[in-house]
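Here is query05.txt, consisting of compact mmCIF, C-alpha atoms:
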```
# COMPACT_ATOMS: atom_id res chain seq x y z
CA MET A 85 106.29 84.12 48.30
CA VAL A 86 106.69 80.37 47.95
CA ALA A 87 108.80 78.71 45.30
CA LEU A 88 107.30 78.58 41.82
CA HIS A 89 106.27 75.07 40.72
CA LEU A 90 107.39 74.44 37.17
CA SER A 91 106.21 71.98 34.56
CA ALA A 92 107.84 70.77 31.36
CA GLU A 93 105.74 73.38 29.56
CA ASN A 94 106.82 76.54 31.38
CA PHE A 95 110.40 75.53 32.26
CA LYS A 96 111.78 77.16 29.11
CA GLN A 97 110.02 80.44 29.72
CA GLU A 98 110.64 80.63 33.49
CA VAL A 99 114.21 79.32 33.59
CA LEU A 100 115.93 79.20 30.22
CA GLU A 101 114.62 82.54 29.00
CA ALA A 102 114.88 84.25 32.38
CA LYS A 103 117.41 87.00 32.99
CA GLY A 104 119.60 86.70 36.08
CA LYS A 105 119.75 83.81 38.54
CA VAL A 106 117.25 81.02 38.94
CA LEU A 107 117.49 78.27 41.56
CA VAL A 108 115.71 75.05 40.61
CA ASP A 109 115.00 72.34 43.19
CA PHE A 110 114.50 68.99 41.43
CA PHE A 111 112.53 66.97 43.95
CA ALA A 112 110.21 64.00 44.32
CA THR A 113 107.16 63.75 46.52
CA TRP A 114 108.25 60.35 47.86
CA CYS A 115 111.72 61.50 48.94
CA GLY A 116 112.13 62.29 52.65
CA PRO A 117 115.24 64.45 52.23
CA CYS A 118 113.39 66.49 49.58
CA ARG A 119 110.57 67.11 51.98
CA MET A 120 113.07 68.21 54.65
CA MET A 121 114.52 70.71 52.19
CA SER A 122 111.20 71.98 50.86
CA PRO A 123 110.53 74.59 53.61
CA ILE A 124 114.10 75.86 53.25
CA VAL A 125 113.57 76.33 49.52
CA ASP A 126 110.37 78.25 50.25
CA GLN A 127 112.25 80.42 52.75
CA LEU A 128 114.84 81.21 50.09
CA ALA A 129 112.05 82.15 47.68
CA ASP A 130 110.77 84.51 50.32
CA GLU A 131 114.10 86.01 51.31
CA LEU A 132 116.01 86.34 48.05
CA ALA A 133 114.70 89.28 46.08
CA ASP A 134 117.12 88.93 43.18
CA VAL A 135 116.86 85.16 42.63
CA LYS A 136 113.89 83.33 41.18
CA VAL A 137 113.33 80.11 43.13
CA CYS A 138 111.55 77.20 41.44
CA LYS A 139 110.72 73.56 42.07
CA VAL A 140 110.41 70.73 39.58
CA ASP A 141 108.65 67.49 40.53
CA ILE A 142 110.75 64.96 38.64
CA ASP A 143 107.85 62.53 38.31
CA GLN A 144 105.81 65.20 36.54
CA ALA A 145 108.70 66.28 34.35
CA GLU A 146 110.85 63.21 33.79
CA ALA A 147 112.39 64.54 30.57
CA LEU A 148 113.71 67.63 32.37
CA ALA A 149 115.33 65.51 35.07
CA THR A 150 117.00 63.36 32.41
CA GLU A 151 118.13 66.39 30.41
CA TYR A 152 119.88 67.90 33.42
CA GLY A 153 121.37 64.61 34.58
CA VAL A 154 119.40 64.49 37.81
CA GLU A 155 120.07 61.05 39.32
CA VAL A 156 119.72 62.02 42.95
CA VAL A 157 116.94 63.94 44.63
CA PRO A 158 116.96 66.57 45.80
CA THR A 159 119.29 68.20 43.26
CA PHE A 160 119.65 71.96 43.20
CA ILE A 161 120.75 73.62 39.99
CA VAL A 162 121.59 77.30 39.63
CA PHE A 163 120.86 78.81 36.22
CA GLU A 164 122.32 82.12 35.18
CA ASN A 165 120.77 83.77 32.15
CA GLY A 166 119.35 80.42 31.11
CA GLU A 167 122.53 78.42 31.55
CA ALA A 168 123.08 75.78 34.24
CA VAL A 169 126.16 76.97 36.11
CA LYS A 170 126.20 75.10 39.44
CA SER A 171 124.68 71.94 40.79
CA VAL A 172 124.59 70.21 44.14
CA SER A 173 122.69 67.17 45.44
CA GLY A 174 121.40 65.99 48.77
CA VAL A 175 120.31 67.66 51.97
CA MET A 176 122.27 70.70 52.97
CA PRO A 177 122.02 73.71 55.23
CA LYS A 178 120.57 76.92 53.89
CA PRO A 179 123.88 78.83 53.95
CA VAL A 180 125.41 76.35 51.49
CA ILE A 181 122.68 77.02 48.96
CA MET A 182 122.96 80.75 49.56
CA ASP A 183 126.70 80.54 48.89
CA MET A 184 125.97 78.87 45.55
CA LEU A 185 123.88 81.85 44.57
CA LYS A 186 126.54 84.44 45.32
CA MET B 231 132.20 84.50 67.16
CA ALA B 232 132.06 84.77 70.91
CA ASP B 233 128.94 83.49 72.52
CA LYS B 234 127.51 83.52 75.98
CA MET B 235 127.46 80.34 78.00
CA THR B 236 124.82 77.77 77.09
CA ASP B 237 123.82 75.13 79.63
CA ILE B 238 123.94 72.19 77.23
CA ILE B 239 125.30 72.02 73.72
CA ILE B 240 124.19 69.04 71.67
CA ILE B 241 126.31 68.12 68.68
CA GLY B 242 124.13 66.52 66.02
CA GLY B 243 120.46 67.02 65.23
CA GLY B 244 119.31 63.46 64.65
CA THR B 245 116.93 61.45 66.78
CA ALA B 246 119.29 61.19 69.77
CA GLY B 247 120.28 64.85 69.68
CA MET B 248 116.76 66.18 69.22
CA THR B 249 115.37 63.92 71.97
CA ALA B 250 118.11 65.21 74.27
CA ALA B 251 117.05 68.75 73.30
CA VAL B 252 113.44 68.01 74.27
CA TYR B 253 114.44 66.61 77.67
CA ALA B 254 117.04 69.28 78.42
CA GLY B 255 114.66 72.03 77.36
CA ARG B 256 111.89 70.63 79.54
CA ALA B 257 114.36 70.48 82.42
CA GLY B 258 114.68 74.24 82.09
CA ARG B 259 118.14 74.23 80.53
CA SER B 260 119.25 76.49 77.73
CA VAL B 261 120.06 74.29 74.73
CA LYS B 262 121.88 74.72 71.45
CA VAL B 263 121.86 71.98 68.84
CA LEU B 264 124.78 72.21 66.42
CA GLU B 265 124.07 70.43 63.15
CA GLN B 266 126.31 70.42 60.10
CA SER B 267 123.65 69.59 57.55
CA ILE B 268 119.95 69.59 58.23
CA HIS B 269 118.14 68.37 61.33
CA GLY B 270 116.61 64.91 61.15
CA GLY B 271 119.55 62.55 60.91
CA GLN B 272 119.50 59.19 59.19
CA ILE B 273 115.80 58.55 59.73
CA ILE B 274 114.81 61.01 56.99
CA ASN B 275 116.06 58.44 54.47
CA THR B 276 113.66 55.79 55.74
CA SER B 277 110.39 55.66 53.86
CA HIS B 278 108.25 54.11 56.58
CA VAL B 279 108.98 53.46 60.23
CA GLU B 280 106.85 50.63 61.56
CA ASN B 281 108.56 49.88 64.84
CA PHE B 282 108.45 53.09 66.84
CA PRO B 283 106.22 52.43 69.85
CA GLY B 284 102.78 53.90 69.43
CA PHE B 285 103.15 54.55 65.72
CA ASP B 286 101.85 51.91 63.37
CA ASN B 287 103.43 53.60 60.39
CA ILE B 288 105.13 56.98 60.20
CA ALA B 289 107.33 58.40 57.44
CA GLY B 290 110.89 59.08 58.59
CA PHE B 291 110.52 62.63 57.37
CA GLU B 292 107.37 63.16 59.43
CA PHE B 293 108.96 61.71 62.53
CA ALA B 294 112.02 63.97 62.20
CA THR B 295 109.94 67.06 61.53
CA ALA B 296 107.65 66.44 64.51
CA LEU B 297 110.64 65.87 66.78
CA TYR B 298 112.30 69.05 65.54
CA ASP B 299 109.14 71.08 66.20
CA GLN B 300 108.95 69.55 69.67
CA ALA B 301 112.59 70.47 70.46
CA VAL B 302 112.03 74.03 69.24
CA LYS B 303 108.85 74.27 71.31
CA PHE B 304 110.88 73.51 74.44
CA GLY B 305 113.36 76.25 73.62
CA ALA B 306 116.18 74.50 71.73
CA GLU B 307 118.10 76.74 69.39
CA PHE B 308 119.34 75.03 66.22
CA VAL B 309 122.61 76.34 64.80
CA TYR B 310 123.99 75.13 61.50
CA ALA B 311 127.66 74.60 62.17
CA LYS B 312 130.31 72.01 61.46
CA VAL B 313 131.95 71.03 64.73
CA THR B 314 135.70 70.54 64.57
CA GLY B 315 136.47 69.68 68.19
CA ILE B 316 135.90 70.21 71.89
CA GLU B 317 138.25 71.80 74.41
CA ASN B 318 138.11 71.37 78.16
CA ALA B 319 138.21 74.85 79.63
CA ASP B 320 138.18 75.96 83.25
CA GLY B 321 134.77 74.82 84.47
CA PHE B 322 133.16 74.66 81.03
CA LYS B 323 133.50 73.09 77.58
CA ARG B 324 134.37 74.98 74.45
CA VAL B 325 132.91 73.55 71.26
CA LEU B 326 134.91 74.59 68.20
CA THR B 327 133.25 74.97 64.82
CA ALA B 328 134.28 76.07 61.37
CA ASN B 329 132.78 79.48 62.20
CA GLY B 330 133.88 80.19 65.75
CA HIS B 331 133.24 78.55 69.09
CA TYR B 332 130.40 78.01 71.53
CA ASP B 333 130.77 77.55 75.29
CA ALA B 334 128.62 75.25 77.40
CA LYS B 335 128.50 73.77 80.88
CA ALA B 336 127.96 70.30 79.41
CA VAL B 337 128.13 68.74 75.95
CA ILE B 338 126.24 65.83 74.43
CA ILE B 339 127.86 64.27 71.39
CA ALA B 340 125.13 62.82 69.18
CA THR B 341 126.91 62.79 65.85
CA GLY B 342 125.54 59.40 64.85
CA ALA B 343 126.95 57.60 61.90
CA ARG B 344 126.89 57.67 58.13
CA PRO B 345 126.54 54.83 55.65
CA ARG B 346 129.67 52.73 55.32
CA PRO B 347 131.16 52.77 51.81
CA ILE B 348 131.94 49.50 49.97
CA GLY B 349 135.65 50.18 50.25
CA VAL B 350 136.73 49.43 46.68
CA ALA B 351 138.73 51.49 44.22
CA GLY B 352 136.93 54.16 42.21
CA GLU B 353 133.91 54.17 44.48
CA GLU B 354 133.79 57.93 44.99
CA LYS B 355 133.49 58.83 41.32
CA PHE B 356 130.41 56.63 40.95
CA VAL B 357 128.47 58.05 43.89
CA GLY B 358 125.40 59.62 42.27
CA ARG B 359 126.38 57.88 39.04
CA GLY B 360 125.24 54.41 39.84
CA ILE B 361 126.15 54.11 43.51
CA SER B 362 123.52 55.15 46.03
CA PHE B 363 123.14 54.88 49.78
CA CYS B 364 119.42 55.61 49.80
CA ALA B 365 116.93 53.41 47.97
CA THR B 366 113.96 55.53 48.95
CA CYS B 367 115.71 58.62 47.55
CA ASP B 368 117.17 57.31 44.35
CA GLY B 369 115.24 54.11 43.62
CA ALA B 370 112.89 55.75 41.16
CA PHE B 371 115.79 56.52 38.82
CA TYR B 372 116.09 52.79 38.25
CA LYS B 373 112.58 52.10 36.99
CA GLY B 374 112.76 49.07 34.70
CA LYS B 375 116.51 48.70 35.22
CA THR B 376 118.80 46.18 36.87
CA VAL B 377 120.15 46.99 40.31
CA ALA B 378 122.05 45.32 43.12
CA VAL B 379 121.74 45.81 46.84
CA ILE B 380 124.72 45.02 49.04
CA GLY B 381 124.13 43.98 52.64
CA GLY B 382 122.21 41.61 54.88
CA GLY B 383 120.68 43.81 57.55
CA ASN B 384 117.35 45.58 57.89
CA THR B 385 118.28 48.43 55.59
CA ALA B 386 119.53 46.14 52.82
CA LEU B 387 116.45 43.95 52.85
CA ASP B 388 114.10 46.91 53.07
CA ASP B 389 115.94 48.50 50.13
CA ALA B 390 115.64 45.29 48.09
CA VAL B 391 111.90 45.14 48.67
CA VAL B 392 111.44 48.85 47.79
CA LEU B 393 113.54 48.43 44.65
CA SER B 394 111.78 45.24 43.56
CA GLN B 395 108.69 47.36 42.94
CA LEU B 396 110.60 49.74 40.67
CA ALA B 397 113.46 47.91 39.02
CA GLU B 398 113.20 45.07 36.52
CA LYS B 399 115.67 42.96 38.46
CA VAL B 400 117.21 43.20 41.92
CA TYR B 401 120.28 41.23 43.01
CA LEU B 402 120.82 41.03 46.75
CA ILE B 403 124.50 40.51 47.41
CA HIS B 404 125.43 39.41 50.92
CA ARG B 405 128.71 38.13 52.31
CA ARG B 406 127.06 35.38 54.36
CA GLN B 407 124.25 32.83 53.92
CA GLU B 408 122.16 34.17 56.79
CA PHE B 409 120.63 37.61 57.02
CA ARG B 410 120.91 39.47 60.30
CA ALA B 411 117.74 41.43 59.49
CA GLU B 412 114.49 40.94 61.40
CA LYS B 413 112.63 37.72 60.61
CA GLN B 414 109.66 39.56 59.17
CA LEU B 415 111.87 41.36 56.66
CA VAL B 416 113.65 38.15 55.69
CA GLU B 417 110.27 36.64 54.85
CA LYS B 418 109.23 39.75 52.94
CA VAL B 419 112.38 39.82 50.82
CA HIS B 420 111.79 36.27 49.60
CA LYS B 421 108.38 37.11 48.12
CA PRO B 422 109.11 39.28 45.05
CA GLU B 423 110.06 37.11 42.08
CA ASN B 424 112.50 39.63 40.67
CA ILE B 425 114.85 39.50 43.67
CA GLU B 426 117.75 37.10 43.15
CA PHE B 427 120.11 36.25 45.99
CA ILE B 428 123.87 36.16 45.56
CA LEU B 429 125.13 34.87 48.90
CA ASP B 430 128.54 34.24 50.45
CA THR B 431 129.71 36.91 48.06
CA VAL B 432 131.51 40.24 48.33
CA VAL B 433 132.04 43.08 45.86
CA THR B 434 135.70 43.42 44.98
CA GLY B 435 135.60 45.97 42.19
CA LEU B 436 133.55 48.35 40.07
CA LYS B 437 133.22 48.44 36.30
CA GLY B 438 132.32 51.43 34.20
CA ASP B 439 133.66 54.56 32.59
CA LYS B 440 131.55 57.65 33.30
CA ARG B 441 128.93 55.76 35.27
CA LEU B 442 128.71 52.40 36.98
CA GLU B 443 128.12 49.50 34.60
CA GLY B 444 128.89 46.46 36.66
CA LEU B 445 130.37 44.81 39.73
CA GLU B 446 133.24 42.41 40.23
CA LEU B 447 132.29 39.70 42.69
CA GLU B 448 134.06 37.04 44.68
CA ASN B 449 132.42 34.05 46.31
CA LYS B 450 133.96 33.77 49.79
CA VAL B 451 133.36 30.01 50.00
CA THR B 452 134.49 28.81 46.57
CA GLY B 453 136.84 31.71 45.77
CA GLU B 454 135.17 31.96 42.37
CA GLU B 455 135.32 35.40 40.73
CA SER B 456 132.62 36.78 38.46
CA GLU B 457 131.15 39.92 36.97
CA LEU B 458 127.62 41.22 37.21
CA ALA B 459 126.21 43.89 34.90
CA VAL B 460 124.05 46.40 36.81
CA ASP B 461 122.75 49.93 36.23
CA GLY B 462 122.98 50.81 39.87
CA VAL B 463 124.05 49.52 43.26
CA PHE B 464 122.55 50.37 46.63
CA VAL B 465 125.00 50.06 49.48
CA ALA B 466 123.59 49.04 52.87
CA ILE B 467 126.47 47.45 54.74
CA GLY B 468 126.13 49.31 57.98
CA GLN B 469 127.17 52.56 59.48
CA MET B 470 130.36 54.36 60.30
CA PRO B 471 130.71 56.93 63.08
CA GLU B 472 132.75 60.09 62.69
CA ASN B 473 134.22 61.00 66.02
CA GLY B 474 137.87 61.56 65.16
CA MET B 475 137.63 65.23 66.14
CA PHE B 476 136.73 64.27 69.72
CA LYS B 477 139.64 61.90 70.36
CA ASN B 478 141.57 64.46 72.39
CA VAL B 479 138.83 64.78 75.02
CA VAL B 480 136.98 61.45 75.10
CA GLU B 481 137.91 57.81 74.62
CA VAL B 482 137.05 56.54 71.15
CA ASP B 483 137.29 52.82 70.26
CA ALA B 484 139.02 51.29 67.23
CA GLY B 485 135.79 51.45 65.23
CA GLY B 486 135.44 55.17 65.89
CA TYR B 487 132.64 54.83 68.44
CA ILE B 488 132.75 56.93 71.60
CA VAL B 489 133.24 54.66 74.58
CA ALA B 490 130.28 55.11 76.94
CA GLY B 491 127.90 52.80 78.75
CA GLU B 492 124.14 52.91 79.04
CA ASP B 493 124.54 55.95 81.31
CA CYS B 494 125.94 57.80 78.25
CA LYS B 495 128.91 59.02 80.32
CA THR B 496 132.16 59.31 78.40
CA SER B 497 135.68 59.23 79.80
CA CYS B 498 135.43 63.00 80.27
CA PRO B 499 133.09 64.40 82.97
CA GLY B 500 130.60 66.79 81.46
CA ILE B 501 130.73 65.22 78.00
CA PHE B 502 128.07 62.65 77.19
CA ALA B 503 127.56 60.44 74.15
CA ALA B 504 124.15 59.56 72.76
CA GLY B 505 122.85 57.62 69.78
CA ASP B 506 124.49 55.56 67.05
CA GLY B 507 127.93 57.09 67.64
CA ARG B 508 128.22 55.48 71.09
CA THR B 509 129.53 51.98 71.79
CA LYS B 510 126.47 49.78 72.04
CA LYS B 511 124.83 46.76 70.52
CA VAL B 512 121.48 47.94 69.23
CA ARG B 513 121.22 51.02 67.05
CA GLN B 514 117.57 51.80 66.45
CA LEU B 515 115.30 54.81 66.51
CA THR B 516 114.08 53.80 69.96
CA THR B 517 117.58 53.39 71.37
CA ALA B 518 118.64 56.73 69.92
CA ALA B 519 115.67 58.35 71.65
CA ALA B 520 116.52 56.48 74.86
CA ASP B 521 120.12 57.69 74.75
CA GLY B 522 118.97 61.25 74.16
CA THR B 523 116.82 61.03 77.26
CA VAL B 524 119.52 59.52 79.45
CA ALA B 525 122.23 61.90 78.23
CA ALA B 526 120.07 65.01 78.71
CA LEU B 527 119.14 64.06 82.26
CA ALA B 528 122.73 63.11 83.08
CA ALA B 529 124.01 66.39 81.64
CA SER B 530 121.41 68.30 83.64
CA GLU B 531 122.45 66.47 86.80
CA TYR B 532 126.13 67.20 86.05
CA ILE B 533 125.41 70.93 85.78
CA GLY B 534 123.54 70.75 89.10
```
Encoding of this model in structure tokens:
Amino acid sequence: MVALHLSAENFKQEVLEAKGKVLVDFFATWCGPCRMMSPIVDQLADELADVKVCKVDIDQAEALATEYGVEVVPTFIVFENGEAVKSVSGVMPKPVIMDMLK
Amino acid sequence: MADKMTDIIIIGGGTAGMTAAVYAGRAGRSVKVLEQSIHGGQIINTSHVENFPGFDNIAGFEFATALYDQAVKFGAEFVYAKVTGIENADGFKRVLTANGHYDAKAVIIATGARPRPIGVAGEEKFVGRGISFCATCDGAFYKGKTVAVIGGGNTALDDAVVLSQLAEKVYLIHRRQEFRAEKQLVEKVHKPENIEFILDTVVTGLKGDKRLEGLELENKVTGEESELAVDGVFVAIGQMPENGMFKNVVEVDAGGYIVAGEDCKTSCPGIFAAGDGRTKKVRQLTTAAADGTVAALAASEYIG
């Protein structure tokens, strides 16, 4: 399973109204570090059964990026029962993201 | 975590480290690359590379990914670990990490460098809130806004040009009159009408509460002080190595660079230095690749 691509339209349903943990990768297509992280995010989507893993293209959903204070891409935000609980920006190894989800 | 002996451990998975992995792997050596973040190194922040021989134009990300695939193809094993030091053991080297150690017959230090901060008070709290070290990453957040770029080298001028296409206004702040960037870039940076040059000037302070709102400037020639309102500042004033953890085994100069010549040999036999973290004059993608080559072959020769 690859990460679910979200739009401004389905963000509410897939993230805010979701039960449990959701990892959202706010990325941009023009950002090298984002593209480095992209396969790792897909791996997490594949490996983590109990976490929903999503991606938001900030150019397609500018309002979402603004709402969550995303000023750096990539930014990873962990939502728990619809609430943003943790956030981290930049490139990072997979174990760091996995730790955030514990 | 005990581990069996590896022929060559490479610390750092940037261009130098991954090139060393390709050469060492092809030489039939077992190779581990220890990387604390993600493979690729600084080049992943560069939008387009136009000066790597044979490539007219390649994205930094694509270059790094291709090099990684190549290193893996020749047998390199990438381990995500933060290295804390090296110990000289009896006939081998022990590389210490936050999660245990790894033993190797030879070590190549290719830790590179990270962007140098401005060095003014309050800087840390504004990183990600107005201060950025990567125009290609964060430039789009400044669409229609006013930004400054600090620096006079290739990165600074490239950043200014990239930002001039996004921001309303770009100030290029440089401590001298002349730019040390390549001539072609100097010409390019003078073309956009929304780039304004503030020369002979350094940043002495930051203004703002929750996020950056402006810069305090000082003209180095006249001594005149001024303030400049900006929404963001992109810092491109060079690089800083991080080799403090290796001081006990290899000679490190005052700037933090590992002392080694073009043969990549450090003061300690069996430990080699490659890439931007080594004492040298030119720090480019090509020279990082060259160092990786030289260090891998030297390490292989050392092992015998």
Select, as a PDB file with C-alpha atoms, in the coordinates of the input, those residues of chain B with any atom no more than 6 Å from chain A (distances computed using only C-alpha atoms).
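Produced file out-v3.pdb, reproduced below:
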```
ATOM      1  CA  SER B 267     123.650  69.590  57.550  1.00  0.00           C
ATOM      2  CA  ILE B 268     119.950  69.590  58.230  1.00  0.00           C
ATOM      3  CA  ILE B 274     114.810  61.010  56.990  1.00  0.00           C
ATOM      4  CA  ASN B 275     116.060  58.440  54.470  1.00  0.00           C
ATOM      5  CA  PHE B 291     110.520  62.630  57.370  1.00  0.00           C
ATOM      6  CA  CYS B 367     115.710  58.620  47.550  1.00  0.00           C
ATOM      7  CA  ASP B 368     117.170  57.310  44.350  1.00  0.00           C
TER       8      ASP B 368
END
```
Applying 10 Å and only C-alpha atoms, which residues near range 292-299 of chain B remain after dropping the ones on its own chain fewer than 4 positions away? List them as a PDB file with C-alpha atoms, in the coordinates of the input.
```pdb
ATOM      1  CA  GLY A 116     112.130  62.290  52.650  1.00  0.00           C
ATOM      2  CA  ARG A 119     110.570  67.110  51.980  1.00  0.00           C
ATOM      3  CA  MET A 120     113.070  68.210  54.650  1.00  0.00           C
TER       4      MET A 120
ATOM      5  CA  GLY B 243     120.460  67.020  65.230  1.00  0.00           C
ATOM      6  CA  GLY B 244     119.310  63.460  64.650  1.00  0.00           C
ATOM      7  CA  THR B 245     116.930  61.450  66.780  1.00  0.00           C
ATOM      8  CA  GLY B 247     120.280  64.850  69.680  1.00  0.00           C
ATOM      9  CA  MET B 248     116.760  66.180  69.220  1.00  0.00           C
ATOM     10  CA  THR B 249     115.370  63.920  71.970  1.00  0.00           C
ATOM     11  CA  ALA B 251     117.050  68.750  73.300  1.00  0.00           C
ATOM     12  CA  VAL B 252     113.440  68.010  74.270  1.00  0.00           C
ATOM     13  CA  HIS B 269     118.140  68.370  61.330  1.00  0.00           C
ATOM     14  CA  GLY B 270     116.610  64.910  61.150  1.00  0.00           C
ATOM     15  CA  GLY B 271     119.550  62.550  60.910  1.00  0.00           C
ATOM     16  CA  GLN B 272     119.500  59.190  59.190  1.00  0.00           C
ATOM     17  CA  ILE B 273     115.800  58.550  59.730  1.00  0.00           C
ATOM     18  CA  ILE B 274     114.810  61.010  56.990  1.00  0.00           C
ATOM     19  CA  SER B 277     110.390  55.660  53.860  1.00  0.00           C
ATOM     20  CA  HIS B 278     108.250  54.110  56.580  1.00  0.00           C
ATOM     21  CA  VAL B 279     108.980  53.460  60.230  1.00  0.00           C
ATOM     22  CA  PHE B 282     108.450  53.090  66.840  1.00  0.00           C
ATOM     23  CA  PHE B 285     103.150  54.550  65.720  1.00  0.00           C
ATOM     24  CA  ILE B 288     105.130  56.980  60.200  1.00  0.00           C
ATOM     25  CA  LYS B 303     108.850  74.270  71.310  1.00  0.00           C
ATOM     26  CA  PHE B 304     110.880  73.510  74.440  1.00  0.00           C
ATOM     27  CA  GLY B 305     113.360  76.250  73.620  1.00  0.00           C
ATOM     28  CA  ALA B 306     116.180  74.500  71.730  1.00  0.00           C
ATOM     29  CA  PHE B 308     119.340  75.030  66.220  1.00  0.00           C
TER      30      PHE B 308
END
```
Computed interatomic separation between CA of Thr314 in chain B and CA of Asn473 in chain B (Å):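 Straight-line distance from CA of Thr314 in chain B to CA of Asn473 in chain B works out to 9.8 Å.
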One-decimal distance in Å that lies between CA of Ala250 in chain B and CA of Ala526 in chain B: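 Distance between the two atoms: 4.9 Å.
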Show me, as a CSV table (one decimal) with C-alpha atoms, keeping the file's coordinate frame, the residues that have an atom within 7 Å of Ala87 in chain A when counting all atoms listed in the file, minus same-chain residues fewer than 4 positions from it.
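Result file is result-v2.csv:
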```csv
chain,number,residue,atom,x,y,z
A,125,VAL,CA,113.6,76.3,49.5
A,126,ASP,CA,110.4,78.2,50.2
A,129,ALA,CA,112.0,82.2,47.7
A,137,VAL,CA,113.3,80.1,43.1
A,138,CYS,CA,111.6,77.2,41.4
A,139,LYS,CA,110.7,73.6,42.1
```
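Within the 12 Å cut-off around Tyr152 in chain A, using all atoms listed in the file and omitting residues fewer than 6 positions from it on the same chain, the listed residues are A:Val108, A:Asp109, A:Phe110, A:Val140, A:Ile142, A:Ala145, A:Glu146, A:Thr159, A:Phe160, A:Ile161, A:Val162, A:Phe163, A:Glu167, A:Ala168, A:Val169, A:Lys170, A:Ser171, A:Val172.
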Surrounding residues of Ser497 in chain B excluding itself and chain neighbours under 2 positions, 10 Å, all atoms listed in the file, as a PDB file with C-alpha atoms, in the frame of the given file:
```pdb
ATOM      1  CA  VAL B 479     138.830  64.780  75.020  1.00  0.00           C
ATOM      2  CA  VAL B 480     136.980  61.450  75.100  1.00  0.00           C
ATOM      3  CA  GLU B 481     137.910  57.810  74.620  1.00  0.00           C
ATOM      4  CA  VAL B 482     137.050  56.540  71.150  1.00  0.00           C
ATOM      5  CA  ILE B 488     132.750  56.930  71.600  1.00  0.00           C
ATOM      6  CA  VAL B 489     133.240  54.660  74.580  1.00  0.00           C
ATOM      7  CA  ALA B 490     130.280  55.110  76.940  1.00  0.00           C
ATOM      8  CA  CYS B 494     125.940  57.800  78.250  1.00  0.00           C
ATOM      9  CA  LYS B 495     128.910  59.020  80.320  1.00  0.00           C
ATOM     10  CA  PRO B 499     133.090  64.400  82.970  1.00  0.00           C
ATOM     11  CA  GLY B 500     130.600  66.790  81.460  1.00  0.00           C
ATOM     12  CA  ILE B 501     130.730  65.220  78.000  1.00  0.00           C
ATOM     13  CA  PHE B 502     128.070  62.650  77.190  1.00  0.00           C
ATOM     14  CA  ALA B 503     127.560  60.440  74.150  1.00  0.00           C
TER      15      ALA B 503
END
```
Exercise: range 330-338 of chain B partners within 7 Å, all atoms listed in the file, chain neighbours under 2 positions left out, as an MDAnalysis selection string: chainID B and resid 231:241 322:328 340 500:504 525 529 533
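Taking CA of Val400 in chain B as the reference point, CA of Glu417 in chain B is found at 16.1 Å.
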Just save range 140-151 of chain A with N, CA and C atoms, as a PDB file, in the first residue's frame.
```
ATOM      1  N   VAL A 140       0.161  15.267   1.569  1.00  0.00           N
ATOM      2  CA  VAL A 140      -0.539  16.460   1.087  1.00  0.00           C
ATOM      3  C   VAL A 140       0.442  17.289   0.262  1.00  0.00           C
ATOM      4  N   ASP A 141       0.106  17.514  -0.994  1.00  0.00           N
ATOM      5  CA  ASP A 141       0.898  18.389  -1.864  1.00  0.00           C
ATOM      6  C   ASP A 141       0.509  19.828  -1.522  1.00  0.00           C
ATOM      7  N   ILE A 142       1.435  20.560  -0.936  1.00  0.00           N
ATOM      8  CA  ILE A 142       1.076  21.886  -0.408  1.00  0.00           C
ATOM      9  C   ILE A 142       0.670  22.868  -1.509  1.00  0.00           C
ATOM     10  N   ASP A 143       1.100  22.626  -2.727  1.00  0.00           N
ATOM     11  CA  ASP A 143       0.699  23.523  -3.814  1.00  0.00           C
ATOM     12  C   ASP A 143      -0.741  23.266  -4.260  1.00  0.00           C
ATOM     13  N   GLN A 144      -1.208  22.048  -3.990  1.00  0.00           N
ATOM     14  CA  GLN A 144      -2.593  21.706  -4.329  1.00  0.00           C
ATOM     15  C   GLN A 144      -3.538  22.065  -3.184  1.00  0.00           C
ATOM     16  N   ALA A 145      -2.978  22.191  -1.991  1.00  0.00           N
ATOM     17  CA  ALA A 145      -3.810  22.440  -0.811  1.00  0.00           C
ATOM     18  C   ALA A 145      -3.141  23.496   0.076  1.00  0.00           C
ATOM     19  N   GLU A 146      -2.995  24.673  -0.491  1.00  0.00           N
ATOM     20  CA  GLU A 146      -2.277  25.753   0.192  1.00  0.00           C
ATOM     21  C   GLU A 146      -2.908  26.117   1.540  1.00  0.00           C
ATOM     22  N   ALA A 147      -4.244  26.119   1.569  1.00  0.00           N
ATOM     23  CA  ALA A 147      -4.946  26.508   2.795  1.00  0.00           C
ATOM     24  C   ALA A 147      -4.633  25.547   3.938  1.00  0.00           C
ATOM     25  N   LEU A 148      -4.490  24.262   3.627  1.00  0.00           N
ATOM     26  CA  LEU A 148      -4.169  23.276   4.663  1.00  0.00           C
ATOM     27  C   LEU A 148      -2.780  23.526   5.236  1.00  0.00           C
ATOM     28  N   ALA A 149      -1.840  23.814   4.333  1.00  0.00           N
ATOM     29  CA  ALA A 149      -0.470  24.089   4.774  1.00  0.00           C
ATOM     30  C   ALA A 149      -0.449  25.299   5.698  1.00  0.00           C
ATOM     31  N   THR A 150      -1.182  26.328   5.326  1.00  0.00           N
ATOM     32  CA  THR A 150      -1.244  27.547   6.154  1.00  0.00           C
ATOM     33  C   THR A 150      -1.884  27.235   7.502  1.00  0.00           C
ATOM     34  N   GLU A 151      -2.985  26.485   7.455  1.00  0.00           N
ATOM     35  CA  GLU A 151      -3.714  26.174   8.692  1.00  0.00           C
ATOM     36  C   GLU A 151      -2.833  25.440   9.697  1.00  0.00           C
TER      37      GLU A 151
END
```
